[in-house]
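Enquirer: Provided herewith: protein.pdb, PDB, C-alpha atoms.
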```
ATOM      1  CA  MET A   1      -2.375 -25.993  -8.446
ATOM      2  CA  PHE A   2      -1.328 -25.633  -4.802
ATOM      3  CA  ARG A   3       0.012 -22.118  -5.375
ATOM      4  CA  ARG A   4      -3.150 -21.002  -7.172
ATOM      5  CA  ASP A   5      -5.461 -22.384  -4.467
ATOM      6  CA  PHE A   6      -3.345 -20.938  -1.687
ATOM      7  CA  LEU A   7      -2.993 -17.476  -3.201
ATOM      8  CA  SER A   8      -6.673 -17.277  -4.040
ATOM      9  CA  SER A   9      -7.419 -17.551  -0.331
ATOM     10  CA  LEU A  10      -5.130 -14.689   0.708
ATOM     11  CA  PRO A  11      -7.655 -11.823   0.443
ATOM     12  CA  MET A  12      -9.820 -13.623   3.033
ATOM     13  CA  LEU A  13      -7.110 -13.907   5.688
ATOM     14  CA  PRO A  14      -8.034 -10.770   7.655
ATOM     15  CA  ALA A  15     -11.694 -11.758   7.639
ATOM     16  CA  LEU A  16     -10.971 -15.246   8.947
ATOM     17  CA  ALA A  17      -8.553 -13.992  11.554
ATOM     18  CA  HIS A  18     -11.045 -11.591  13.061
ATOM     19  CA  GLY A  19     -14.256 -13.515  12.714
ATOM     20  CA  GLN A  20     -15.543 -11.462   9.822
ATOM     21  CA  GLY A  21     -17.842 -13.091   7.285
ATOM     22  CA  VAL A  22     -16.371 -14.063   3.955
ATOM     23  CA  ALA A  23     -17.714 -11.942   1.116
ATOM     24  CA  THR A  24     -20.589 -13.583  -0.719
ATOM     25  CA  GLY A  25     -23.000 -12.817  -3.537
ATOM     26  CA  THR A  26     -22.238  -9.524  -5.234
ATOM     27  CA  GLU A  27     -19.857  -8.320  -2.517
ATOM     28  CA  THR A  28     -16.278  -7.660  -3.565
ATOM     29  CA  PRO A  29     -13.595  -9.302  -1.390
ATOM     30  CA  PRO A  30     -10.927  -7.063   0.134
ATOM     31  CA  SER A  31      -8.116  -6.136  -2.211
ATOM     32  CA  VAL A  32      -4.600  -7.470  -2.096
ATOM     33  CA  TYR A  33      -2.033  -4.740  -2.802
ATOM     34  CA  GLU A  34       1.380  -5.133  -4.343
ATOM     35  CA  TRP A  35       3.742  -2.569  -2.813
ATOM     36  CA  ARG A  36       6.827  -2.487  -5.055
ATOM     37  CA  GLN A  37       9.942  -0.493  -4.222
ATOM     38  CA  TYR A  38      12.472   0.526  -6.866
ATOM     39  CA  SER A  39      15.821   1.628  -5.462
ATOM     40  CA  LEU A  40      17.883   3.762  -7.830
ATOM     41  CA  ARG A  41      21.527   4.742  -7.725
ATOM     42  CA  THR A  42      22.287   8.128  -6.230
ATOM     43  CA  GLY A  43      22.477  10.602  -9.070
ATOM     44  CA  ALA A  44      20.722   8.254 -11.481
ATOM     45  CA  ASN A  45      18.244   9.615 -13.971
ATOM     46  CA  PRO A  46      14.766   8.566 -12.723
ATOM     47  CA  GLY A  47      13.292   9.492 -16.099
ATOM     48  CA  ARG A  48      13.861   6.064 -17.646
ATOM     49  CA  LEU A  49      11.922   4.325 -14.875
ATOM     50  CA  GLY A  50       9.239   7.015 -15.054
ATOM     51  CA  ASP A  51       8.862   6.589 -18.816
ATOM     52  CA  TYR A  52       8.467   2.835 -18.373
ATOM     53  CA  LEU A  53       5.869   3.166 -15.633
ATOM     54  CA  GLN A  54       3.875   5.896 -17.377
ATOM     55  CA  THR A  55       3.891   4.657 -20.967
ATOM     56  CA  ALA A  56       4.220   0.872 -20.616
ATOM     57  CA  LEU A  57       3.441  -0.710 -17.247
ATOM     58  CA  ILE A  58       0.531   1.350 -15.926
ATOM     59  CA  PRO A  59      -1.485   1.333 -19.187
ATOM     60  CA  ALA A  60      -0.952  -2.429 -19.449
ATOM     61  CA  LEU A  61      -1.989  -3.031 -15.851
ATOM     62  CA  ASN A  62      -5.063  -0.872 -16.355
ATOM     63  CA  ARG A  63      -5.970  -3.026 -19.359
ATOM     64  CA  LEU A  64      -5.756  -6.068 -17.080
ATOM     65  CA  GLY A  65      -8.141  -4.430 -14.597
ATOM     66  CA  HIS A  66      -5.657  -3.181 -11.993
ATOM     67  CA  THR A  67      -6.762   0.307 -10.977
ATOM     68  CA  PRO A  68      -6.047   2.799  -9.466
ATOM     69  CA  ILE A  69      -2.262   2.556  -9.476
ATOM     70  CA  GLY A  70      -0.247   4.888  -7.307
ATOM     71  CA  VAL A  71       3.336   5.951  -7.996
ATOM     72  CA  PHE A  72       5.257   7.820  -5.325
ATOM     73  CA  GLN A  73       8.701   9.264  -4.743
ATOM     74  CA  VAL A  74      10.252   9.366  -1.281
ATOM     75  CA  THR A  75      10.673  12.790   0.264
ATOM     76  CA  PHE A  76      11.715  11.689   3.766
ATOM     77  CA  GLY A  77      12.138   8.482   5.745
ATOM     78  CA  LEU A  78      14.138   6.314   3.314
ATOM     79  CA  PRO A  79      17.253   6.797   1.200
ATOM     80  CA  ALA A  80      16.518   8.567  -2.073
ATOM     81  CA  PRO A  81      16.059   8.125  -4.957
ATOM     82  CA  THR A  82      13.347   5.553  -4.256
ATOM     83  CA  VAL A  83      10.109   5.009  -6.179
ATOM     84  CA  PHE A  84       7.129   3.038  -4.912
ATOM     85  CA  VAL A  85       4.314   1.575  -6.993
ATOM     86  CA  LEU A  86       1.003   0.583  -5.389
ATOM     87  CA  THR A  87      -0.992  -1.920  -7.468
ATOM     88  CA  PRO A  88      -4.329  -3.372  -6.289
ATOM     89  CA  SER A  89      -5.504  -6.826  -7.266
ATOM     90  CA  THR A  90      -8.442  -7.125  -9.616
ATOM     91  CA  ALA A  91     -11.844  -7.713  -8.068
ATOM     92  CA  ALA A  92     -12.130 -11.192  -9.567
ATOM     93  CA  GLY A  93      -8.548 -12.413  -9.376
ATOM     94  CA  GLY A  94      -7.333 -11.494  -5.899
ATOM     95  CA  ALA A  95      -3.660 -12.161  -5.220
ATOM     96  CA  ASP A  96      -3.493 -14.530  -8.169
ATOM     97  CA  SER A  97      -4.231 -11.618 -10.526
ATOM     98  CA  LEU A  98      -1.031  -9.947  -9.304
ATOM     99  CA  LEU A  99       1.204 -12.989  -9.436
ATOM    100  CA  GLY A 100      -0.128 -14.167 -12.776
ATOM    101  CA  ARG A 101       0.333 -10.888 -14.567
ATOM    102  CA  GLU A 102       3.870 -11.413 -15.881
ATOM    103  CA  ALA A 103       2.756 -13.953 -18.460
ATOM    104  CA  LYS A 104      -0.093 -11.680 -19.500
ATOM    105  CA  LEU A 105       2.274  -8.743 -19.961
ATOM    106  CA  ASP A 106       4.520 -10.881 -22.137
ATOM    107  CA  ARG A 107       1.556 -11.494 -24.452
ATOM    108  CA  ASP A 108       0.657  -7.776 -24.626
ATOM    109  CA  ASP A 109       2.277  -6.421 -27.787
ATOM    110  CA  SER A 110       1.541  -2.801 -26.860
ATOM    111  CA  TYR A 111       3.292  -3.299 -23.530
ATOM    112  CA  THR A 112       6.381  -5.039 -24.911
ATOM    113  CA  LYS A 113       6.809  -2.330 -27.551
ATOM    114  CA  ALA A 114       6.454   0.552 -25.082
ATOM    115  CA  ALA A 115       8.640  -1.226 -22.521
ATOM    116  CA  ALA A 116      11.517  -1.926 -24.924
ATOM    117  CA  PRO A 117      13.897   0.800 -23.615
ATOM    118  CA  TYR A 118      13.385  -0.532 -20.072
ATOM    119  CA  LEU A 119      13.580  -4.228 -20.930
ATOM    120  CA  ASP A 120      16.598  -3.737 -23.220
ATOM    121  CA  ALA A 121      18.686  -1.931 -20.574
ATOM    122  CA  VAL A 122      22.163  -3.450 -20.289
ATOM    123  CA  ALA A 123      23.775  -4.641 -17.054
ATOM    124  CA  THR A 124      26.358  -1.858 -17.192
ATOM    125  CA  ASP A 125      23.619   0.795 -17.296
ATOM    126  CA  PRO A 126      20.637  -0.530 -15.294
ATOM    127  CA  VAL A 127      17.409   1.394 -14.799
ATOM    128  CA  TYR A 128      17.431   0.609 -11.063
ATOM    129  CA  VAL A 129      19.583  -1.121  -8.460
ATOM    130  CA  ARG A 130      16.955  -3.517  -7.086
ATOM    131  CA  GLN A 131      13.272  -4.125  -6.517
ATOM    132  CA  GLU A 132      11.627  -5.217  -3.274
ATOM    133  CA  VAL A 133       7.999  -6.354  -3.105
ATOM    134  CA  SER A 134       5.433  -6.819  -0.343
ATOM    135  CA  LEU A 135       1.903  -8.204  -0.608
ATOM    136  CA  LEU A 136      -0.602  -6.443   1.613
ATOM    137  CA  SER A 137      -4.124  -7.660   2.403
ATOM    138  CA  ALA A 138      -6.690  -4.894   2.918
ATOM    139  CA  PHE A 139      -8.810  -4.804   6.053
ATOM    140  CA  PRO A 140     -12.339  -6.079   5.375
ATOM    141  CA  GLN A 141     -13.545  -2.877   7.102
ATOM    142  CA  PHE A 142     -11.540  -0.760   4.597
ATOM    143  CA  PRO A 143     -11.437  -3.116   1.617
ATOM    144  CA  HIS A 144     -10.169  -0.910  -1.214
ATOM    145  CA  ILE A 145      -7.979   2.103  -1.988
ATOM    146  CA  SER A 146      -9.684   5.423  -1.278
ATOM    147  CA  VAL A 147      -8.477   7.842  -3.942
ATOM    148  CA  PRO A 148      -7.985  11.377  -2.543
ATOM    149  CA  ALA A 149     -10.315  14.027  -3.929
ATOM    150  CA  ALA A 150      -7.293  16.149  -4.903
ATOM    151  CA  THR A 151      -6.043  13.458  -7.288
ATOM    152  CA  ALA A 152      -8.635  14.378  -9.932
ATOM    153  CA  THR A 153      -7.337  17.960 -10.093
ATOM    154  CA  LYS A 154      -3.674  17.038  -9.440
ATOM    155  CA  GLY A 155      -3.925  19.073  -6.268
ATOM    156  CA  PRO A 156      -1.271  19.034  -3.529
ATOM    157  CA  ARG A 157      -0.981  15.660  -1.785
ATOM    158  CA  LEU A 158       1.495  14.594   0.856
ATOM    159  CA  PHE A 159       1.251  10.870   1.542
ATOM    160  CA  GLU A 160       2.308   9.313   4.814
ATOM    161  CA  LEU A 161       3.102   5.588   4.891
ATOM    162  CA  ARG A 162       3.213   4.025   8.350
ATOM    163  CA  ILE A 163       4.377   0.522   9.249
ATOM    164  CA  TYR A 164       3.612  -0.925  12.691
ATOM    165  CA  GLU A 165       5.692  -3.998  13.488
ATOM    166  CA  SER A 166       4.869  -6.368  16.351
ATOM    167  CA  HIS A 167       6.990  -8.875  18.229
ATOM    168  CA  ASN A 168       4.660 -11.802  17.464
ATOM    169  CA  GLU A 169       1.434 -12.710  15.683
ATOM    170  CA  ARG A 170      -0.814 -12.309  18.728
ATOM    171  CA  ALA A 171       0.429  -8.779  19.339
ATOM    172  CA  HIS A 172       0.007  -7.991  15.650
ATOM    173  CA  ARG A 173      -3.605  -9.176  15.675
ATOM    174  CA  ALA A 174      -4.270  -6.984  18.703
ATOM    175  CA  LYS A 175      -2.971  -3.905  16.877
ATOM    176  CA  VAL A 176      -5.072  -4.749  13.812
ATOM    177  CA  LYS A 177      -8.099  -5.154  16.094
ATOM    178  CA  MET A 178      -7.576  -1.644  17.503
ATOM    179  CA  PHE A 179      -7.889  -0.187  14.024
ATOM    180  CA  ALA A 180     -10.468  -2.499  12.522
ATOM    181  CA  GLU A 181     -12.808  -3.291  15.405
ATOM    182  CA  MET A 182     -12.155  -0.967  18.346
ATOM    183  CA  GLY A 183     -12.700   2.369  16.612
ATOM    184  CA  GLU A 184      -9.240   3.695  15.801
ATOM    185  CA  ILE A 185     -10.075   4.227  12.117
ATOM    186  CA  ASP A 186     -13.187   6.208  13.062
ATOM    187  CA  ILE A 187     -11.145   8.349  15.468
ATOM    188  CA  PHE A 188      -8.690   8.996  12.627
ATOM    189  CA  LYS A 189     -11.457  10.301  10.421
ATOM    190  CA  ARG A 190     -12.981  12.515  13.109
ATOM    191  CA  ALA A 191      -9.552  14.038  13.763
ATOM    192  CA  GLY A 192      -9.156  14.960  10.091
ATOM    193  CA  LEU A 193      -6.730  12.173   9.189
ATOM    194  CA  THR A 194      -7.675  10.906   5.728
ATOM    195  CA  PRO A 195      -6.897   7.213   5.032
ATOM    196  CA  VAL A 196      -5.924   5.833   1.625
ATOM    197  CA  PHE A 197      -5.692   2.190   2.701
ATOM    198  CA  PHE A 198      -5.263  -0.082   5.722
ATOM    199  CA  SER A 199      -3.648  -3.491   5.380
ATOM    200  CA  ARG A 200      -1.671  -6.351   6.854
ATOM    201  CA  THR A 201       1.575  -7.636   5.358
ATOM    202  CA  ILE A 202       1.026 -11.191   4.130
ATOM    203  CA  ALA A 203       4.340 -11.583   2.292
ATOM    204  CA  GLY A 204       7.454  -9.454   2.510
ATOM    205  CA  PRO A 205       9.835  -7.967   5.058
ATOM    206  CA  ARG A 206       9.025  -6.662   8.545
ATOM    207  CA  MET A 207       6.456  -9.295   9.415
ATOM    208  CA  PRO A 208       4.185  -9.344  11.270
ATOM    209  CA  SER A 209       3.194  -5.801  10.451
ATOM    210  CA  LEU A 210       0.292  -3.484   9.795
ATOM    211  CA  VAL A 211       0.713  -1.006   6.919
ATOM    212  CA  TYR A 212      -1.458   1.995   6.183
ATOM    213  CA  MET A 213      -1.335   5.214   4.196
ATOM    214  CA  LEU A 214      -2.740   8.652   4.937
ATOM    215  CA  VAL A 215      -2.961  11.710   2.696
ATOM    216  CA  HIS A 216      -2.534  15.341   3.752
ATOM    217  CA  GLU A 217      -2.616  18.612   1.872
ATOM    218  CA  ASN A 218       0.760  19.568   3.310
ATOM    219  CA  MET A 219       2.920  19.105   6.407
ATOM    220  CA  ALA A 220       1.094  21.826   8.353
ATOM    221  CA  ALA A 221      -2.229  20.073   7.778
ATOM    222  CA  ARG A 222      -0.622  16.814   8.813
ATOM    223  CA  GLU A 223       0.591  18.256  12.120
ATOM    224  CA  LYS A 224      -2.837  19.760  12.832
ATOM    225  CA  SER A 225      -4.663  16.478  12.226
ATOM    226  CA  TRP A 226      -2.222  14.388  14.231
ATOM    227  CA  GLY A 227      -2.476  16.920  17.065
ATOM    228  CA  ALA A 228      -6.249  16.553  17.081
ATOM    229  CA  PHE A 229      -5.903  12.769  17.061
ATOM    230  CA  SER A 230      -3.367  12.544  19.893
ATOM    231  CA  GLY A 231      -5.527  14.818  22.064
ATOM    232  CA  ASN A 232      -8.756  12.935  21.393
ATOM    233  CA  PRO A 233     -10.181  11.518  24.672
ATOM    234  CA  GLU A 234     -11.446   8.384  22.899
ATOM    235  CA  TRP A 235      -7.984   7.700  21.532
ATOM    236  CA  ARG A 236      -6.327   8.285  24.895
ATOM    237  CA  LYS A 237      -8.680   5.792  26.500
ATOM    238  CA  LEU A 238      -8.145   3.237  23.752
ATOM    239  CA  ALA A 239      -4.362   3.636  23.809
ATOM    240  CA  GLN A 240      -4.296   2.948  27.566
ATOM    241  CA  THR A 241      -6.443  -0.193  27.392
ATOM    242  CA  ALA A 242      -4.664  -3.131  29.004
ATOM    243  CA  GLY A 243      -3.368  -5.517  26.382
ATOM    244  CA  TYR A 244      -3.437  -2.848  23.664
ATOM    245  CA  THR A 245      -0.794  -0.328  24.730
ATOM    246  CA  ASP A 246       2.095   0.288  22.344
ATOM    247  CA  PRO A 247       4.747  -1.201  24.693
ATOM    248  CA  GLU A 248       2.719  -4.431  24.750
ATOM    249  CA  ILE A 249       1.960  -4.868  21.044
ATOM    250  CA  VAL A 250       4.132  -2.552  18.886
ATOM    251  CA  SER A 251       7.869  -3.187  18.526
ATOM    252  CA  ASN A 252       8.702  -0.597  15.861
ATOM    253  CA  ILE A 253       7.009   2.180  13.861
ATOM    254  CA  THR A 254       8.350   3.418  10.526
ATOM    255  CA  THR A 255       7.069   6.594   8.873
ATOM    256  CA  VAL A 256       7.841   7.491   5.255
ATOM    257  CA  PHE A 257       6.671  10.651   3.484
ATOM    258  CA  LEU A 258       5.866  10.399  -0.207
ATOM    259  CA  ARG A 259       4.922  12.669  -3.087
ATOM    260  CA  PRO A 260       2.902  11.362  -6.033
ATOM    261  CA  VAL A 261       4.371  11.648  -9.509
ATOM    262  CA  ALA A 262       2.346  13.534 -12.105
ATOM    263  CA  TYR A 263       0.856  10.385 -13.662
ATOM    264  CA  SER A 264      -0.072   8.674 -10.379
ATOM    265  CA  GLN A 265      -3.705   7.543 -10.259
ATOM    266  CA  VAL A 266      -3.819   7.913  -6.447
TER     267      VAL A 266
END
```
What is this structure when it is put down as structure tokens?
Expert:
Amino acid sequence: MFRRDFLSSLPMLPALAHGQGVATGTETPPSVYEWRQYSLRTGANPGRLGDYLQTALIPALNRLGHTPIGVFQVTFGLPAPTVFVLTPSTAAGGADSLLGREAKLDRDDSYTKAAAPYLDAVATDPVYVRQEVSLLSAFPQFPHISVPAATATKGPRLFELRIYESHNERAHRAKVKMFAEMGEIDIFKRAGLTPVFFSRTIAGPRMPSLVYMLVHENMAAREKSWGAFSGNPEWRKLAQTAGYTDPEIVSNITTVFLRPVAYSQV
């Protein structure tokens, strides 16, 4: 009971921390995202994991109401081969819908049948080396995944994942405030940087941290948009505000470039 009550409150954490009103009535609370990393052996065949994700896991998660689900392969920034899966919580279930899904999958006959080659893998020939999972709580100001327009046509998409770590919780909240309340997200958009999601890490490594994803058509478009952002007078003023400069509130920045697989829904 304690775990269920506690986890059900997680989507509201950003709102409470920043004085935002809790969603009421017909409003949908901000999503909680599961960010799952599969690390594979060098030279391993990624096809077995891909078959499992495409034919078993994603259809089953969609049946449970988790959508859209993104699947990405690392192109730069982390050792390869690495596959990431982005799964949003359901509107009604919040974090509990993510953590309660294992039992539901076990009762899904279509899933267990399609997943058999993955679930029956032997220890001497594993599908992956390890999994690592983070739970991310979406900003109330950007409460859900924004699916790129190019996804519908399977157009070119280069995703950029950025992780901003802070040396303590106060510094972390200040960095979140820059994005969520002081206009940094709006400056992003005006500069041509297209967000997919903004979030805080509520469980996982590298805490406290802010995690967000951008999408670009290609690396040239990425450089153009970031150039416009870094030269923006509003951004320069914001970045030099006392108490909000990077040396004061950001201890480390990690950037990872990702490509979506063919069946990714993001």
Enquirer: Which distance in Å separates CA of Ala174 in chain A and CA of Gly243 in chain A, to one decimal?
Expert: 7.9 Å
Enquirer: Can you tell me, as number ranges by chain, what residues are no more than 7 Å from range 226-233 of chain A when counting all atoms listed in the file, ignoring any on the same chain fewer than 4 positions away?
Expert: A: 188, 191, 222, 237
Enquirer: If we count only C-alpha atoms and set the cut-off at 9 Å, which residues sit around His216 in chain A, ignoring sequence neighbours fewer than 3 positions away in its own chain? Please answer as a list in words.
Expert: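 Everything that qualifies: Pro156, Arg157, Leu158, Phe159, Glu160, Leu193, Thr194, Met219, Ala220, Ala221, Arg222 and Ser225 of chain A.
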Enquirer: Give me, as JSON, numbers by chain, all polymer residues having an atom no more than 8 Å from Pro68 in chain A, counting all atoms listed in the file and skipping those fewer than 4 positions away in the same chain.
Expert: {"A": [62, 87, 88, 145, 147, 265, 266]}
Enquirer: Could you pull the residues within 6 Å of Pro260 in chain A, counting only C-alpha atoms, minus those fewer than 3 positions along the same chain, as a compact mmCIF listing (two decimals) with C-alpha atoms, in the coordinates of the input?
Expert:
```
# COMPACT_ATOMS: atom_id res chain seq x y z
CA VAL A 71 3.34 5.95 -8.00
CA PHE A 72 5.26 7.82 -5.32
CA SER A 264 -0.07 8.67 -10.38
```
Enquirer: Between CA of Val256 in chain A and CA of Thr75 in chain A, what is the distance, to one decimal in Å?
Expert: 7.8 Å
Enquirer: Which residue is closest to Ala60 in chain A? Choose from A:Tyr164, A:Phe179, A:Tyr111, A:Phe197 and count all atoms listed in the file.
Expert: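 Going through A:Tyr164, A:Phe179, A:Tyr111, A:Phe197 one by one, the smallest distance to Ala60 in chain A is for A:Tyr111.
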Enquirer: Nearest to Phe198 in chain A: which of A:Ile163, A:Ala138, A:Val122, A:Ile69 is it, counting all atoms listed in the file?
Expert: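 Checking each candidate against Phe198 in chain A, we get A:Ala138 as the closest.
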Enquirer: What is the CA of Gln141 in chain A-CA of Asp96 in chain A distance in Å, reported with one decimal?
Expert: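 These atoms are spaced 21.7 Å apart.
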Enquirer: Have a look at A:Val127, A:Ala95, A:Met182, A:Leu258 and name the one nearest to Glu34 in chain A; count only C-alpha atoms.
Expert: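 Distance minimum relative to Glu34 in chain A lands on A:Ala95.
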Enquirer: Quick one: axis-aligned box around all listed atoms of range 32-51 of chain A, 3 Å on every side, centre and edge lengths in Å to one decimal, written as JSON.
Expert:
```
{"center_x": 8.9, "center_y": 1.6, "center_z": -10.5, "size_x": 33.1, "size_y": 24.1, "size_z": 22.7}
```
Enquirer: Quick one: residues within 10 Å of Glu234 in chain A, all atoms listed in the file, excluding same-chain residues fewer than 6 positions away - as a PyMOL selection string?
Expert: chain A and resi 183-184+187
Enquirer: Using the selection just defined, write its residues with C-alpha atoms as a PDB file, keeping the file's coordinate frame.
Expert:
```pdb
ATOM      1  CA  GLY A 183     -12.700   2.369  16.612  1.00  0.00           C
ATOM      2  CA  GLU A 184      -9.240   3.695  15.801  1.00  0.00           C
ATOM      3  CA  ILE A 187     -11.145   8.349  15.468  1.00  0.00           C
TER       4      ILE A 187
END
```
Enquirer: Counting all atoms listed in the file, which residue out of A:Ser97, A:Ser134, A:Gln54, A:Ser110 sits closest to Gln37 in chain A?
Expert: A:Ser134
Enquirer: List the residues selected by the PyMOL selection byres ((chain A and resi 78) around 12) in the file shown, writing them as number ranges by chain.
Expert: A: 37-39, 73-77, 79-84, 161, 254-258
Enquirer: Based on the selection just made, write C-alpha atoms of those residues as a short mmCIF file (atom, residue, chain, number, x, y, z; two decimals), keeping the file's coordinate frame.
Expert:
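The resulting result_1.cif:
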```cif
data_model
loop_
_atom_site.label_atom_id
_atom_site.label_comp_id
_atom_site.auth_asym_id
_atom_site.auth_seq_id
_atom_site.Cartn_x
_atom_site.Cartn_y
_atom_site.Cartn_z
CA GLN A 37 9.94 -0.49 -4.22
CA TYR A 38 12.47 0.53 -6.87
CA SER A 39 15.82 1.63 -5.46
CA GLN A 73 8.70 9.26 -4.74
CA VAL A 74 10.25 9.37 -1.28
CA THR A 75 10.67 12.79 0.26
CA PHE A 76 11.72 11.69 3.77
CA GLY A 77 12.14 8.48 5.74
CA PRO A 79 17.25 6.80 1.20
CA ALA A 80 16.52 8.57 -2.07
CA PRO A 81 16.06 8.12 -4.96
CA THR A 82 13.35 5.55 -4.26
CA VAL A 83 10.11 5.01 -6.18
CA PHE A 84 7.13 3.04 -4.91
CA LEU A 161 3.10 5.59 4.89
CA THR A 254 8.35 3.42 10.53
CA THR A 255 7.07 6.59 8.87
CA VAL A 256 7.84 7.49 5.26
CA PHE A 257 6.67 10.65 3.48
CA LEU A 258 5.87 10.40 -0.21
#
```
Enquirer: Ranking A:Ala115, A:Leu105, A:Val32, A:Leu86 by minimum distance to Thr55 in chain A and counting only C-alpha atoms, which one comes first?
Expert: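 Of A:Ala115, A:Leu105, A:Val32, A:Leu86, the one nearest Thr55 in chain A is A:Ala115, counting only C-alpha atoms.
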